[in-house]
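To keep things clear, I will list the structure first and then write my remarks on it.
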Amino acid sequence: MLPGAVSGWHLPFSIWYDEAAMLTIEAHGLTKTFRSGAFPRRATTALREVSLAIPKGVIFGLLGPNGAGKTTLLRILAGLEQPSAGAVTYRGHLVTPEVIPRLRQEVSLVHQSPLLFDTTVFENLSFGLRIRKIAKAEREQRVTEALAMVGLSQLEKDRRARGLSGGEVQRVAIARALALEPAILLLDEPFANVDQATVKALEDLFRKIGAGGRTLIFSTHNPSLAHRLAREVVVLREGRLSPSPAPPAPATASAPPAAPPAAAGILVCTRPLVR
Ligand SMILES: Nc1ncnc2c1ncn2[C@@H]1O[C@H](COP(=O)(O)OP(=O)(O)OP(=O)(O)O)[C@@H](O)[C@H]1O
Ligand SMILES: [Mg+2]
């Protein structure tokens, strides 16, 4: 058991404890206030008591306009940002600063504007694996497989990252995260810089990843895309979570059907669980 693991007294309802095993990651009343500028410092509350519970193996859409708090929430779930109040649990364990390095081994975030190292595509993917002490042969295999998954050929691996287009950078960043084989893949606006053909390819890829039992959480400001891809969609507005809205009507008769409604096991709650 991880240090700081959640025990019964943290969770006010036994149902949460019983279901902890099937849940991957949960936010409990997350509030985040940033303070910036010179004195008097300006306070911006990016998240307000956000609570949600995401089961294993689902594709989860975080929908919201600019400034809604999507990036902030994903960064907190990835352990890159500390909440001002509230907590995150991973597989039922409270995420404390001491366990964040372990969380990062299993949860990978692809940033909204990914930064690649100024080296080859291969090195960009290989770096994280070397840090994790993965042997050379396995590193090469994982890099090759991850590049193939995002539709970048084997030949691309020796290219310099500096010369890549915006869409290619996005795909290399996704491949870099996939090579780490995370249990949870967080994607911040993965469709922002890509053309229609790449959107389609990424949608297919994300479905494949979800079908493989991985949890995938992505943010977007595009409602039809969110509903088409995700099994569950929540809306963030001004840092507050709203329940799933109804999927928008398809724009054309030939548009793909909306995702089926969420299974009964999915919990999305708007009240804080930890105070
Ligand atoms: N490091 C920071 N310092 C100060 N304010 C911040 C910081 N990060 C985010 N904010 C503020 O928090 C709010 C939410 O920002 P966030 O980036 O999470 O929104 P978002 O939903 O990802 O927006 P977008 O769709 O534009 O990416 C915004 O008002 C933003 O200005
Ligand atoms: Mg953002």
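To be explicit about the labels: the chains of the structure tokens are called A, B, and onward in the order shown, and within each one the residues are counted from 1, while ligands get numbers from 1 in the order they are shown.
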
Check every protein, DNA and RNA residue against ligand 2, keep those with an atom at most 12 Å away (counting only C-alpha atoms and all ligand atoms), and present them as JSON, numbers by chain.
-> {"A": [46, 62, 63, 64, 65, 66, 67, 68, 69, 70, 71, 72, 73, 74, 75, 110, 111, 112, 113, 114, 187, 188, 189, 190, 192, 218, 219, 220, 221, 236, 239]}

All alpha helix (DSSP H) residues (DSSP, backbone) inside segment 9-241 of chain A, as a ChimeraX atom specification | /A:14-18,70-77,100-106,121-131,136-149,166-179,196-211,223-229

Tell me which protein, DNA and RNA residues are within 10 Å of Gly128 of chain A, counting only C-alpha atoms, leaving out same-chain ones fewer than 6 positions away, and put them as a list of chain:residue names.
-> A:Gln105, A:Ile134, A:Arg139, A:Arg176, A:Ala177, A:Ala179, A:Leu180

Using only C-alpha atoms, find each residue of segment 182-222 of chain A with at least one atom at most 12 Å away from an atom of segment 79-91 of chain A; report its shortest atom-to-atom pair and that distance in Å (one decimal), sort the rows by chain and rising residue number, and return the result as a Markdown table.
```
| residue | atom | partner | partner_atom | distance |
| --- | --- | --- | --- | --- |
| A:Ala183 | CA | A:Arg91 | CA | 10.7 |
| A:Ile184 | CA | A:Tyr90 | CA | 10.2 |
| A:Leu186 | CA | A:Gly79 | CA | 11.4 |
```

Write the residues of the selection above to a file with C-alpha atoms, as a JSON list (two decimals), in the first residue's frame.
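Dumped everything to part.json:
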```json
[["chain", "number", "residue", "atom", "x", "y", "z"],
["A", 183, "ALA", "CA", -2.28, 3.64, -17.21],
["A", 184, "ILE", "CA", -3.87, 7.07, -17.70],
["A", 186, "LEU", "CA", -4.19, 12.92, -20.25]]
```

Near Lys200 of chain A, counting only C-alpha atoms, which residues have an atom at most 12 Å away, once you skip same-chain residues fewer than 5 positions from it, shown as a PyMOL selection string?
-> chain A and resi 150-151+190-191+194-195+205-207+225+228-229+256

Nearest residue to ligand 1 from the set A:Arg214, A:Lys136, A:Arg42, A:Arg171 (distances using only C-alpha atoms and all ligand atoms) = A:Arg42

Report the distance between atom CA of Glu181 of chain A and atom CA of Ile209 of chain A in Å, rounded to one decimal place.
-> 10.2 Å

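Considering only C-alpha atoms and all ligand atoms, the residue among A:Ser242, A:Arg237, A:Glu156, A:Ala161 positioned nearest to ligand 1 is A:Arg237.
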
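Taking atom CA of Ala201 of chain A as the reference point, atom CA of Arg130 of chain A is found at 28.5 Å.
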
Contacts of Ala78 of chain A at 8 Å (only C-alpha atoms; same-chain gap of 4+ positions) as an NGL selection string = :A and (74 or 103-104 or 107-109 or 186)

Quick one: of A:Glu49, A:Glu238, A:Glu203, A:Glu26, who's nearest to ligand 1, counting only C-alpha atoms and all ligand atoms?
-> A:Glu238

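Ranking A:Leu77, A:Ala38, A:Val169, A:Ala197 by their shortest atom-to-atom distance to Val50 of chain A, with only C-alpha atoms included, puts A:Leu77 first.
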
May I ask which of the residues A:Gln141, A:Asn222, A:Gln170, A:Thr120 is the closest one to ligand 1, counting only C-alpha atoms and all ligand atoms?
-> A:Asn222

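For the choices A:Gly61, A:Pro223, A:Gly37, A:Gly163, the atom-to-atom distance to ligand 1 is smallest for A:Gly37 when using only C-alpha atoms and all ligand atoms.
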